[in-house]
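> Structure: query14.cif, mmCIF, C-alpha atoms.
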```cif
data_input
#
loop_
_atom_site.group_PDB
_atom_site.id
_atom_site.type_symbol
_atom_site.label_atom_id
_atom_site.label_comp_id
_atom_site.auth_asym_id
_atom_site.auth_seq_id
_atom_site.Cartn_x
_atom_site.Cartn_y
_atom_site.Cartn_z
ATOM 1 C CA MET A 1 44.690 132.601 95.594
ATOM 2 C CA LYS A 2 45.960 133.073 92.020
ATOM 3 C CA GLN A 3 43.444 132.014 89.377
ATOM 4 C CA THR A 4 44.609 129.585 86.736
ATOM 5 C CA ASN A 5 44.234 130.482 83.062
ATOM 6 C CA THR A 6 44.119 126.868 81.910
ATOM 7 C CA LYS A 7 41.538 124.101 82.040
ATOM 8 C CA SER A 8 41.425 120.319 81.849
ATOM 9 C CA PRO A 9 41.179 118.887 78.320
ATOM 10 C CA ILE A 10 38.724 116.258 79.574
ATOM 11 C CA GLN A 11 35.204 117.635 79.039
ATOM 12 C CA GLU A 12 33.239 114.548 80.031
ATOM 13 C CA LYS A 13 33.834 112.300 82.995
ATOM 14 C CA PRO A 14 35.296 108.929 81.981
ATOM 15 C CA LEU A 15 33.151 105.816 82.218
ATOM 16 C CA ARG A 16 33.451 103.842 85.403
ATOM 17 C CA TYR A 17 35.836 100.915 85.627
ATOM 18 C CA PRO A 18 35.141 97.508 87.259
ATOM 19 C CA ALA A 19 34.669 97.662 91.054
ATOM 20 C CA GLN A 20 35.191 101.449 91.093
ATOM 21 C CA SER A 21 32.531 101.849 93.798
ATOM 22 C CA LEU A 22 34.477 99.470 96.054
ATOM 23 C CA ASP A 23 37.672 101.372 95.244
ATOM 24 C CA GLU A 24 36.000 104.635 96.254
ATOM 25 C CA LYS A 25 34.647 103.137 99.485
ATOM 26 C CA LEU A 26 38.095 101.797 100.379
ATOM 27 C CA GLU A 27 39.678 105.186 99.653
ATOM 28 C CA LYS A 28 37.106 106.920 101.860
ATOM 29 C CA LEU A 29 37.546 104.414 104.676
ATOM 30 C CA ILE A 30 41.333 104.697 104.613
ATOM 31 C CA ASN A 31 41.893 108.372 103.804
ATOM 32 C CA ASP A 32 38.874 109.933 105.517
ATOM 33 C CA ASP A 33 37.385 107.805 108.278
ATOM 34 C CA ALA A 34 40.464 105.906 109.490
ATOM 35 C CA LEU A 35 42.774 108.924 109.262
ATOM 36 C CA MET A 36 40.303 111.110 111.168
ATOM 37 C CA HIS A 37 40.083 108.595 114.032
ATOM 38 C CA ILE A 38 43.867 108.116 114.129
ATOM 39 C CA LEU A 39 44.504 111.868 114.252
ATOM 40 C CA GLY A 40 41.827 112.304 116.931
ATOM 41 C CA ALA A 41 43.432 109.613 119.089
ATOM 42 C CA LEU A 42 46.895 111.135 118.604
ATOM 43 C CA VAL A 43 45.682 114.578 119.710
ATOM 44 C CA PHE A 44 44.264 113.226 122.964
ATOM 45 C CA ILE A 45 47.340 111.046 123.557
ATOM 46 C CA LEU A 46 49.565 114.099 123.201
ATOM 47 C CA LEU A 47 47.311 116.106 125.521
ATOM 48 C CA ALA A 48 47.422 113.324 128.095
ATOM 49 C CA ILE A 49 51.220 113.056 127.896
ATOM 50 C CA SER A 50 51.563 116.832 128.200
ATOM 51 C CA SER A 51 49.292 116.965 131.241
ATOM 52 C CA TRP A 52 51.307 114.231 132.965
ATOM 53 C CA ILE A 53 54.586 116.040 132.218
ATOM 54 C CA PHE A 54 53.226 119.337 133.585
ATOM 55 C CA THR A 55 51.832 117.569 136.679
ATOM 56 C CA LEU A 56 55.038 115.675 137.467
ATOM 57 C CA LEU A 57 57.277 118.664 136.862
ATOM 58 C CA LYS A 58 54.824 120.998 138.604
ATOM 59 C CA THR A 59 55.227 123.595 135.920
ATOM 60 C CA PHE A 60 53.133 125.147 133.171
ATOM 61 C CA PRO A 61 54.188 125.989 129.610
ATOM 62 C CA ASN A 62 54.671 129.550 128.478
ATOM 63 C CA PRO A 63 51.579 130.426 126.369
ATOM 64 C CA MET A 64 53.666 132.648 124.083
ATOM 65 C CA ILE A 65 55.934 129.741 123.132
ATOM 66 C CA LEU A 66 52.932 127.514 122.340
ATOM 67 C CA THR A 67 51.252 130.334 120.392
ATOM 68 C CA VAL A 68 54.341 130.970 118.248
ATOM 69 C CA ALA A 69 54.724 127.229 117.671
ATOM 70 C CA ALA A 70 51.043 126.955 116.719
ATOM 71 C CA VAL A 71 51.354 129.835 114.237
ATOM 72 C CA ILE A 72 54.461 128.316 112.626
ATOM 73 C CA VAL A 73 52.966 124.815 112.404
ATOM 74 C CA THR A 74 49.656 126.149 111.077
ATOM 75 C CA ALA A 75 51.358 128.282 108.415
ATOM 76 C CA HIS A 76 53.498 125.327 107.363
ATOM 77 C CA SER A 77 50.448 123.046 107.230
ATOM 78 C CA ILE A 78 48.487 125.527 105.087
ATOM 79 C CA TYR A 79 51.448 125.790 102.683
ATOM 80 C CA LYS A 80 51.712 121.991 102.445
ATOM 81 C CA VAL A 81 47.966 121.551 101.943
ATOM 82 C CA MET A 82 47.883 124.149 99.147
ATOM 83 C CA LYS A 83 50.858 122.456 97.498
ATOM 84 C CA LEU A 84 49.179 119.068 97.818
ATOM 85 C CA LYS A 85 45.953 120.497 96.383
ATOM 86 C CA LYS A 86 47.788 121.500 93.205
ATOM 87 C CA GLU A 87 49.500 118.117 93.007
ATOM 88 C CA ILE A 88 46.200 116.271 93.579
ATOM 89 C CA ARG A 89 44.552 118.291 90.798
ATOM 90 C CA MET A 90 47.399 117.370 88.448
ATOM 91 C CA TYR A 91 47.199 113.658 89.279
ATOM 92 C CA LYS A 92 43.407 113.617 88.936
ATOM 93 C CA GLN A 93 43.637 115.250 85.518
ATOM 94 C CA GLY A 94 46.258 112.720 84.431
ATOM 95 C CA ARG A 95 44.165 109.853 85.794
ATOM 96 C CA ASP A 96 41.041 111.041 83.976
ATOM 97 C CA GLY A 97 42.991 111.365 80.729
ATOM 98 C CA GLU A 98 44.389 107.841 80.969
ATOM 99 C CA ARG A 99 40.942 106.469 81.793
ATOM 100 C CA GLU A 100 39.329 108.229 78.849
ATOM 101 C CA VAL A 101 41.996 106.909 76.483
ATOM 102 C CA GLY A 102 41.750 103.471 78.081
ATOM 103 C CA MET A 103 37.986 103.335 77.584
ATOM 104 C CA ASN A 104 38.397 104.228 73.906
ATOM 105 C CA LEU A 105 41.081 101.579 73.471
ATOM 106 C CA GLU A 106 38.819 98.920 74.976
ATOM 107 C CA LEU A 107 36.648 99.205 71.839
ATOM 108 C CA LEU A 108 39.562 97.828 69.812
ATOM 109 C CA ARG A 109 39.157 94.453 71.506
ATOM 110 C CA GLU A 110 36.209 93.866 69.195
ATOM 111 C CA LYS A 111 38.694 93.960 66.299
ATOM 112 C CA GLY A 112 40.869 91.274 67.842
ATOM 113 C CA ILE A 113 43.459 93.635 69.333
ATOM 114 C CA LYS A 114 44.890 92.849 72.765
ATOM 115 C CA VAL A 115 44.749 95.840 75.114
ATOM 116 C CA TYR A 116 46.854 96.314 78.270
ATOM 117 C CA HIS A 117 46.805 99.258 80.668
ATOM 118 C CA ASP A 118 49.203 100.717 83.246
ATOM 119 C CA ILE A 119 52.114 98.316 82.917
ATOM 120 C CA LEU A 120 54.394 98.851 85.899
ATOM 121 C CA CYS A 121 58.150 98.753 85.369
ATOM 122 C CA LYS A 122 61.016 99.312 87.784
ATOM 123 C CA ASP A 123 61.226 103.104 87.676
ATOM 124 C CA PHE A 124 58.350 104.043 85.362
ATOM 125 C CA ASN A 125 55.072 102.831 83.927
ATOM 126 C CA ILE A 126 53.701 102.381 80.430
ATOM 127 C CA ASP A 127 50.183 103.740 80.020
ATOM 128 C CA HIS A 128 48.907 101.332 77.340
ATOM 129 C CA ILE A 129 50.120 98.576 75.036
ATOM 130 C CA LEU A 130 48.165 97.311 72.030
ATOM 131 C CA VAL A 131 49.034 94.056 70.276
ATOM 132 C CA GLY A 132 47.377 93.009 67.031
ATOM 133 C CA GLU A 133 48.206 91.752 63.566
ATOM 134 C CA GLN A 134 48.933 95.411 62.669
ATOM 135 C CA GLY A 135 51.802 95.386 65.181
ATOM 136 C CA ILE A 136 52.738 96.426 68.706
ATOM 137 C CA PHE A 137 51.722 99.944 69.765
ATOM 138 C CA VAL A 138 53.148 101.489 72.952
ATOM 139 C CA ILE A 139 51.006 104.452 73.962
ATOM 140 C CA GLU A 140 51.887 107.367 76.199
ATOM 141 C CA THR A 141 48.985 109.592 77.331
ATOM 142 C CA LYS A 142 49.647 113.262 78.052
ATOM 143 C CA THR A 143 46.695 115.079 79.636
ATOM 144 C CA TYR A 144 47.938 118.653 79.344
ATOM 145 C CA SER A 145 45.828 121.582 80.515
ATOM 146 C CA LYS A 146 44.311 123.658 77.740
ATOM 147 C CA PRO A 147 44.100 127.458 77.595
ATOM 148 C CA ILE A 148 40.645 128.729 78.460
ATOM 149 C CA LYS A 149 40.696 130.980 75.379
ATOM 150 C CA GLY A 150 42.353 130.650 71.996
ATOM 151 C CA LYS A 151 43.461 127.659 69.949
ATOM 152 C CA CYS A 152 44.244 124.348 71.568
ATOM 153 C CA GLU A 153 46.641 123.008 68.960
ATOM 154 C CA ILE A 154 49.793 120.921 69.177
ATOM 155 C CA THR A 155 52.111 120.953 66.163
ATOM 156 C CA TYR A 156 54.434 118.026 65.499
ATOM 157 C CA ASP A 157 57.361 118.616 63.125
ATOM 158 C CA GLY A 158 58.938 115.191 63.431
ATOM 159 C CA LYS A 159 61.383 116.230 66.177
ATOM 160 C CA THR A 160 59.583 118.484 68.646
ATOM 161 C CA LEU A 161 56.118 119.458 69.798
ATOM 162 C CA SER A 162 54.935 123.043 69.991
ATOM 163 C CA TYR A 163 51.873 124.044 71.983
ATOM 164 C CA ASP A 164 49.833 126.839 70.392
ATOM 165 C CA GLY A 165 52.966 127.868 68.505
ATOM 166 C CA ASP A 166 54.733 128.862 71.707
ATOM 167 C CA LYS A 167 56.161 126.258 74.096
ATOM 168 C CA LYS A 168 58.319 123.559 72.554
ATOM 169 C CA SER A 169 59.338 120.204 73.966
ATOM 170 C CA ASP A 170 60.562 116.796 72.855
ATOM 171 C CA LYS A 171 60.185 115.074 76.245
ATOM 172 C CA PRO A 172 56.915 113.237 75.420
ATOM 173 C CA LEU A 173 58.527 111.938 72.222
ATOM 174 C CA SER A 174 61.651 110.751 74.043
ATOM 175 C CA GLN A 175 59.547 109.074 76.722
ATOM 176 C CA ALA A 176 57.352 107.294 74.172
ATOM 177 C CA LYS A 177 60.405 106.114 72.246
ATOM 178 C CA ALA A 178 62.084 104.829 75.418
ATOM 179 C CA ASN A 179 58.917 102.951 76.431
ATOM 180 C CA ALA A 180 58.659 101.289 73.011
ATOM 181 C CA THR A 181 62.334 100.316 73.175
ATOM 182 C CA TRP A 182 61.770 98.739 76.595
ATOM 183 C CA VAL A 183 58.832 96.682 75.272
ATOM 184 C CA LYS A 184 60.808 95.625 72.189
ATOM 185 C CA ASN A 185 63.799 94.531 74.306
ATOM 186 C CA TYR A 186 61.647 92.730 76.855
ATOM 187 C CA ILE A 187 59.863 90.679 74.192
ATOM 188 C CA LYS A 188 63.163 89.856 72.494
ATOM 189 C CA ASN A 189 64.813 88.783 75.761
ATOM 190 C CA SER A 190 61.826 86.721 76.898
ATOM 191 C CA SER A 191 60.921 85.092 73.585
ATOM 192 C CA GLY A 192 64.092 85.181 71.523
ATOM 193 C CA LYS A 193 62.215 86.861 68.673
ATOM 194 C CA ASP A 194 62.692 90.427 67.459
ATOM 195 C CA PHE A 195 59.580 92.539 66.829
ATOM 196 C CA ASP A 196 59.206 96.243 66.133
ATOM 197 C CA ALA A 197 57.167 98.385 68.564
ATOM 198 C CA LYS A 198 55.478 101.603 67.447
ATOM 199 C CA SER A 199 55.772 104.680 69.684
ATOM 200 C CA VAL A 200 52.538 106.635 70.103
ATOM 201 C CA VAL A 201 51.804 109.825 72.061
ATOM 202 C CA VAL A 202 48.161 110.838 72.497
ATOM 203 C CA PHE A 203 46.852 114.182 73.782
ATOM 204 C CA PRO A 204 43.186 114.034 74.905
ATOM 205 C CA GLY A 205 41.231 117.174 74.042
ATOM 206 C CA TRP A 206 43.904 118.717 71.787
ATOM 207 C CA PHE A 207 43.905 119.224 68.031
ATOM 208 C CA ILE A 208 47.061 117.691 66.549
ATOM 209 C CA LYS A 209 48.683 119.228 63.476
ATOM 210 C CA SER A 210 51.524 117.237 61.914
ATOM 211 C CA THR A 211 53.793 118.981 59.413
ATOM 212 C CA VAL A 212 55.488 115.672 58.490
ATOM 213 C CA PRO A 213 54.150 112.180 57.702
ATOM 214 C CA GLN A 214 53.464 110.225 60.894
ATOM 215 C CA LYS A 215 56.097 107.471 60.643
ATOM 216 C CA ASN A 216 58.592 106.931 63.439
ATOM 217 C CA ILE A 217 56.420 108.271 66.273
ATOM 218 C CA TRP A 218 52.693 108.866 66.044
ATOM 219 C CA VAL A 219 51.343 112.004 67.728
ATOM 220 C CA LEU A 220 47.552 111.919 67.810
ATOM 221 C CA ASN A 221 44.326 112.857 69.439
ATOM 222 C CA PRO A 222 43.180 109.489 70.864
ATOM 223 C CA LYS A 223 40.055 109.592 68.694
ATOM 224 C CA GLY A 224 42.258 109.205 65.622
ATOM 225 C CA LEU A 225 44.126 106.171 66.906
ATOM 226 C CA GLU A 226 41.635 103.593 65.631
ATOM 227 C CA THR A 227 41.859 104.985 62.090
ATOM 228 C CA PHE A 228 45.653 104.970 62.111
ATOM 229 C CA ILE A 229 45.774 101.379 63.338
ATOM 230 C CA SER A 230 43.142 100.235 60.842
ATOM 231 C CA ASN A 231 45.196 101.771 57.999
ATOM 232 C CA THR A 232 48.395 100.048 59.160
ATOM 233 C CA PRO A 233 49.336 96.986 57.072
ATOM 234 C CA CYS A 234 49.421 93.733 59.023
ATOM 235 C CA SER A 235 52.941 92.709 60.015
ATOM 236 C CA LEU A 236 52.305 89.991 62.610
ATOM 237 C CA SER A 237 50.800 86.536 62.301
ATOM 238 C CA LYS A 238 48.191 85.267 64.737
ATOM 239 C CA GLU A 239 50.915 83.107 66.283
ATOM 240 C CA ASP A 240 53.093 86.187 66.801
ATOM 241 C CA VAL A 241 50.200 88.050 68.420
ATOM 242 C CA TYR A 242 49.621 85.130 70.788
ATOM 243 C CA LEU A 243 53.321 84.881 71.671
ATOM 244 C CA ILE A 244 53.742 88.614 72.306
ATOM 245 C CA SER A 245 50.517 88.994 74.298
ATOM 246 C CA HIS A 246 51.373 85.915 76.359
ATOM 247 C CA ARG A 247 54.784 87.360 77.264
ATOM 248 C CA ILE A 248 53.269 90.718 78.211
ATOM 249 C CA GLU A 249 50.593 89.060 80.339
ATOM 250 C CA MET A 250 53.218 86.924 82.098
ATOM 251 C CA TYR A 251 55.188 90.072 82.916
ATOM 252 C CA ILE A 252 52.131 91.922 84.238
ATOM 253 C CA ARG A 253 51.074 88.998 86.439
ATOM 254 C CA ASN A 254 54.542 88.379 87.869
ATOM 255 C CA PHE A 255 55.814 91.910 88.332
ATOM 256 C CA GLN A 256 55.815 93.167 91.905
ATOM 257 C CA LYS A 257 56.713 96.797 92.507
#
```
Just give me the structure of the file as structure tokens.


Amino acid sequence: MKQTNTKSPIQEKPLRYPAQSLDEKLEKLINDDALMHILGALVFILLAISSWIFTLLKTFPNPMILTVAAVIVTAHSIYKVMKLKKEIRMYKQGRDGEREVGMNLELLREKGIKVYHDILCKDFNIDHILVGEQGIFVIETKTYSKPIKGKCEITYDGKTLSYDGDKKSDKPLSQAKANATWVKNYIKNSSGKDFDAKSVVVFPGWFIKSTVPQKNIWVLNPKGLETFISNTPCSLSKEDVYLISHRIEMYIRNFQK
């Protein structure tokens, strides 16, 4: 199997979230124990059906046909499992990144900032929303793999992102901007009041170098987010914060995907 030349940017495991042990037990019961019993039952049901067919028809299958079929199915299964393994690794890395950022954001509650995680929308989700007197901050977490050797630096020039001076992309910026626009429009449509929403992209484990002032879209290591927010002049009243947070909470509670 080809060795990867990248690593996860998350060096420490994230703190546990409420009822995580129950979540893990449920996942084990459903994905391990229950699935194993279901597959075991299906195997014996298929064997029983096959034996009845062979008995009634008074014939026996050609072993070569079954062998070829077994080889094809096994090869296909191995391919699918290896593909799933890569996908599972990617999702786990993304999950750990969002949890690490989420745990850091929870500390902002002590400063009176409302914190919301994993807001589900129709065809996408928003990783985090912060609401405080400093404004509304819509945060997109990108947990990109880091090279095992060399610099781990992302450069932001105001329009695109370049990773270690090589790969360039503006997709995280476009996604963050679209998410902030959705939040802004939702609050306006539900409350009748127009508020600005700041787009933020955070990269856990990466050093961020900005060649322009961070204005329209913030691109940060999550550890720098608290400082940026603290240095932001207040633009919302306490009444505005209550109104906005109430609308967001109503959406979260009522949304069914």

> For the PyMOL selection byres ((chain A and resi 124-141) around 6), applied here, can you spell out every residue it catches as number ranges by chain?

A: 113-123, 142, 176, 180, 197-202, 232-237, 241

> Quick one: pull the distance between atom CA of Trp206 of chain A and atom CA of Asp96 of chain A, Å, one decimal.

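Between atom CA of Trp206 of chain A and atom CA of Asp96 of chain A the gap works out to 14.7 Å.
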
> So how many Å separate atom CA of Lys111 of chain A and atom CA of Ile217 of chain A, to one decimal?

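Computing it gives 22.8 Å between the two atoms.
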
> Determine the nearest neighbour of Lys184 of chain A from the options A:Ala41, A:Asp196, A:Thr155, A:Glu239, counting all atoms listed in the file.

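Ranked by minimum distance to Lys184 of chain A, first place goes to A:Asp196.
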
> Counting all atoms listed in the file, what is within 12 Å of Asn185 of chain A, bar same-chain residues fewer than 6 positions away, as a list of chain:residue names?

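The contact residues come out as A:Ala178, A:Asn179, A:Ser191, A:Gly192, A:Lys193, A:Asp194, A:Phe195, A:Asp196, A:Ala197, A:Ile244, A:Arg247, A:Ile248.
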
> Report, in Å to a single decimal, how far apart atom CA of His76 of chain A and atom CA of Thr59 of chain A are.

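Distance reported for this atom pair: 28.7 Å.
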
> As a check of understanding, name the residues that the PyMOL selection byres ((chain A and resi 85-95) around 9) selects in the supplied structure, as JSON, numbers by chain.

{"A": [8, 9, 10, 80, 81, 82, 83, 84, 96, 97, 98, 99, 100, 141, 142, 143, 144, 145]}

> Which one is closest to Pro147 of chain A: A:Gly205, A:Pro172, A:Pro222, A:Gly112? Count only C-alpha atoms.

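Smallest distance to Pro147 of chain A is found for A:Gly205.
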
> So which one's closest to Ile154 of chain A, A:Phe54, A:Phe207, A:Tyr242, A:Phe44? Using all atoms listed in the file, please.

A:Phe207

> Measuring between only C-alpha atoms, which one of A:Gln175, A:Ser162, A:Asn5, A:Thr227 shows the shortest distance to Ile208 of chain A?

A:Ser162

> Given the PyMOL selection byres ((chain A and resi 149) around 10) and the file above, list the residues it selects as a list in words.

Asn5, Thr6, Lys7, Lys146, Pro147, Ile148, Gly150, Lys151 and Cys152 of chain A

> Would you mind exporting C-alpha atoms of the selected residues as a compact mmCIF listing (two decimals), in the coordinates of the input?


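Once everything was written out, this is out-v6.txt:
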```
# COMPACT_ATOMS: atom_id res chain seq x y z
CA ASN A 5 44.23 130.48 83.06
CA THR A 6 44.12 126.87 81.91
CA LYS A 7 41.54 124.10 82.04
CA LYS A 146 44.31 123.66 77.74
CA PRO A 147 44.10 127.46 77.60
CA ILE A 148 40.65 128.73 78.46
CA GLY A 150 42.35 130.65 72.00
CA LYS A 151 43.46 127.66 69.95
CA CYS A 152 44.24 124.35 71.57
```

> Please give the centre and size of the box around segment 45-53 of chain A (axis-aligned, containing every atom listed in the file, 6 Å added per side), with values in Å to one decimal and written as AutoDock Vina command-line options.


```
--center_x 50.9 --center_y 114.0 --center_z 128.1 --size_x 19.3 --size_y 17.9 --size_z 21.8
```

> Smallest atom-to-atom distance to Asp164 of chain A: which of A:Leu47, A:Val73, A:Lys209, A:Glu106, using only C-alpha atoms?

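Result for the nearest residue to Asp164 of chain A: A:Lys209.
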
> Could segment 181-203 of chain A be completed with N, CA, C and O atoms and written as a PDB file, keeping the file's coordinate frame, please?


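Saved as result_21.pdb:
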```pdb
ATOM      1  N   THR A 181      61.066 101.062  73.173  1.00  0.00           N
ATOM      2  CA  THR A 181      62.334 100.316  73.175  1.00  0.00           C
ATOM      3  C   THR A 181      62.354  99.293  74.294  1.00  0.00           C
ATOM      4  O   THR A 181      62.814  98.162  74.116  1.00  0.00           O
ATOM      5  N   TRP A 182      61.825  99.683  75.460  1.00  0.00           N
ATOM      6  CA  TRP A 182      61.770  98.739  76.595  1.00  0.00           C
ATOM      7  C   TRP A 182      60.908  97.537  76.243  1.00  0.00           C
ATOM      8  O   TRP A 182      61.279  96.385  76.510  1.00  0.00           O
ATOM      9  N   VAL A 183      59.736  97.779  75.644  1.00  0.00           N
ATOM     10  CA  VAL A 183      58.832  96.682  75.272  1.00  0.00           C
ATOM     11  C   VAL A 183      59.498  95.781  74.240  1.00  0.00           C
ATOM     12  O   VAL A 183      59.463  94.544  74.346  1.00  0.00           O
ATOM     13  N   LYS A 184      60.122  96.378  73.241  1.00  0.00           N
ATOM     14  CA  LYS A 184      60.808  95.625  72.189  1.00  0.00           C
ATOM     15  C   LYS A 184      61.898  94.732  72.795  1.00  0.00           C
ATOM     16  O   LYS A 184      61.997  93.540  72.468  1.00  0.00           O
ATOM     17  N   ASN A 185      62.709  95.296  73.693  1.00  0.00           N
ATOM     18  CA  ASN A 185      63.799  94.531  74.306  1.00  0.00           C
ATOM     19  C   ASN A 185      63.272  93.427  75.225  1.00  0.00           C
ATOM     20  O   ASN A 185      63.831  92.317  75.265  1.00  0.00           O
ATOM     21  N   TYR A 186      62.208  93.738  75.954  1.00  0.00           N
ATOM     22  CA  TYR A 186      61.647  92.730  76.855  1.00  0.00           C
ATOM     23  C   TYR A 186      61.137  91.519  76.067  1.00  0.00           C
ATOM     24  O   TYR A 186      61.407  90.364  76.429  1.00  0.00           O
ATOM     25  N   ILE A 187      60.412  91.780  74.988  1.00  0.00           N
ATOM     26  CA  ILE A 187      59.863  90.679  74.192  1.00  0.00           C
ATOM     27  C   ILE A 187      60.992  89.865  73.560  1.00  0.00           C
ATOM     28  O   ILE A 187      60.943  88.628  73.509  1.00  0.00           O
ATOM     29  N   LYS A 188      62.029  90.556  73.098  1.00  0.00           N
ATOM     30  CA  LYS A 188      63.163  89.856  72.494  1.00  0.00           C
ATOM     31  C   LYS A 188      63.876  88.987  73.528  1.00  0.00           C
ATOM     32  O   LYS A 188      64.227  87.826  73.255  1.00  0.00           O
ATOM     33  N   ASN A 189      64.107  89.528  74.719  1.00  0.00           N
ATOM     34  CA  ASN A 189      64.813  88.783  75.761  1.00  0.00           C
ATOM     35  C   ASN A 189      64.001  87.610  76.296  1.00  0.00           C
ATOM     36  O   ASN A 189      64.557  86.589  76.703  1.00  0.00           O
ATOM     37  N   SER A 190      62.671  87.765  76.323  1.00  0.00           N
ATOM     38  CA  SER A 190      61.826  86.721  76.898  1.00  0.00           C
ATOM     39  C   SER A 190      61.376  85.667  75.881  1.00  0.00           C
ATOM     40  O   SER A 190      61.016  84.556  76.259  1.00  0.00           O
ATOM     41  N   SER A 191      61.398  86.035  74.600  1.00  0.00           N
ATOM     42  CA  SER A 191      60.921  85.092  73.585  1.00  0.00           C
ATOM     43  C   SER A 191      61.988  84.683  72.585  1.00  0.00           C
ATOM     44  O   SER A 191      61.832  83.683  71.880  1.00  0.00           O
ATOM     45  N   GLY A 192      63.049  85.471  72.498  1.00  0.00           N
ATOM     46  CA  GLY A 192      64.092  85.181  71.523  1.00  0.00           C
ATOM     47  C   GLY A 192      63.770  85.681  70.137  1.00  0.00           C
ATOM     48  O   GLY A 192      64.552  85.495  69.192  1.00  0.00           O
ATOM     49  N   LYS A 193      62.617  86.355  69.974  1.00  0.00           N
ATOM     50  CA  LYS A 193      62.215  86.861  68.673  1.00  0.00           C
ATOM     51  C   LYS A 193      62.200  88.390  68.689  1.00  0.00           C
ATOM     52  O   LYS A 193      61.865  89.007  69.703  1.00  0.00           O
ATOM     53  N   ASP A 194      62.569  88.968  67.558  1.00  0.00           N
ATOM     54  CA  ASP A 194      62.692  90.427  67.459  1.00  0.00           C
ATOM     55  C   ASP A 194      61.480  91.007  66.729  1.00  0.00           C
ATOM     56  O   ASP A 194      61.224  90.662  65.570  1.00  0.00           O
ATOM     57  N   PHE A 195      60.734  91.876  67.429  1.00  0.00           N
ATOM     58  CA  PHE A 195      59.580  92.539  66.829  1.00  0.00           C
ATOM     59  C   PHE A 195      59.723  94.046  66.987  1.00  0.00           C
ATOM     60  O   PHE A 195      60.278  94.526  67.981  1.00  0.00           O
ATOM     61  N   ASP A 196      59.198  94.785  66.037  1.00  0.00           N
ATOM     62  CA  ASP A 196      59.206  96.243  66.133  1.00  0.00           C
ATOM     63  C   ASP A 196      58.058  96.685  67.042  1.00  0.00           C
ATOM     64  O   ASP A 196      57.035  96.004  67.144  1.00  0.00           O
ATOM     65  N   ALA A 197      58.216  97.821  67.706  1.00  0.00           N
ATOM     66  CA  ALA A 197      57.167  98.385  68.564  1.00  0.00           C
ATOM     67  C   ALA A 197      56.994  99.856  68.198  1.00  0.00           C
ATOM     68  O   ALA A 197      57.959 100.625  68.196  1.00  0.00           O
ATOM     69  N   LYS A 198      55.778 100.235  67.879  1.00  0.00           N
ATOM     70  CA  LYS A 198      55.478 101.603  67.447  1.00  0.00           C
ATOM     71  C   LYS A 198      55.266 102.526  68.651  1.00  0.00           C
ATOM     72  O   LYS A 198      54.525 102.201  69.580  1.00  0.00           O
ATOM     73  N   SER A 199      55.943 103.671  68.635  1.00  0.00           N
ATOM     74  CA  SER A 199      55.772 104.680  69.684  1.00  0.00           C
ATOM     75  C   SER A 199      54.595 105.580  69.345  1.00  0.00           C
ATOM     76  O   SER A 199      54.497 106.083  68.221  1.00  0.00           O
ATOM     77  N   VAL A 200      53.721 105.800  70.322  1.00  0.00           N
ATOM     78  CA  VAL A 200      52.538 106.635  70.103  1.00  0.00           C
ATOM     79  C   VAL A 200      52.369 107.575  71.294  1.00  0.00           C
ATOM     80  O   VAL A 200      52.457 107.149  72.449  1.00  0.00           O
ATOM     81  N   VAL A 201      52.134 108.847  71.020  1.00  0.00           N
ATOM     82  CA  VAL A 201      51.804 109.825  72.061  1.00  0.00           C
ATOM     83  C   VAL A 201      50.415 110.375  71.751  1.00  0.00           C
ATOM     84  O   VAL A 201      50.173 110.840  70.628  1.00  0.00           O
ATOM     85  N   VAL A 202      49.515 110.314  72.708  1.00  0.00           N
ATOM     86  CA  VAL A 202      48.161 110.838  72.497  1.00  0.00           C
ATOM     87  C   VAL A 202      47.894 111.979  73.477  1.00  0.00           C
ATOM     88  O   VAL A 202      48.303 111.930  74.639  1.00  0.00           O
ATOM     89  N   PHE A 203      47.195 113.004  72.994  1.00  0.00           N
ATOM     90  CA  PHE A 203      46.852 114.182  73.782  1.00  0.00           C
ATOM     91  C   PHE A 203      45.334 114.344  73.793  1.00  0.00           C
ATOM     92  O   PHE A 203      44.765 114.894  72.838  1.00  0.00           O
TER      93      PHE A 203
END
```
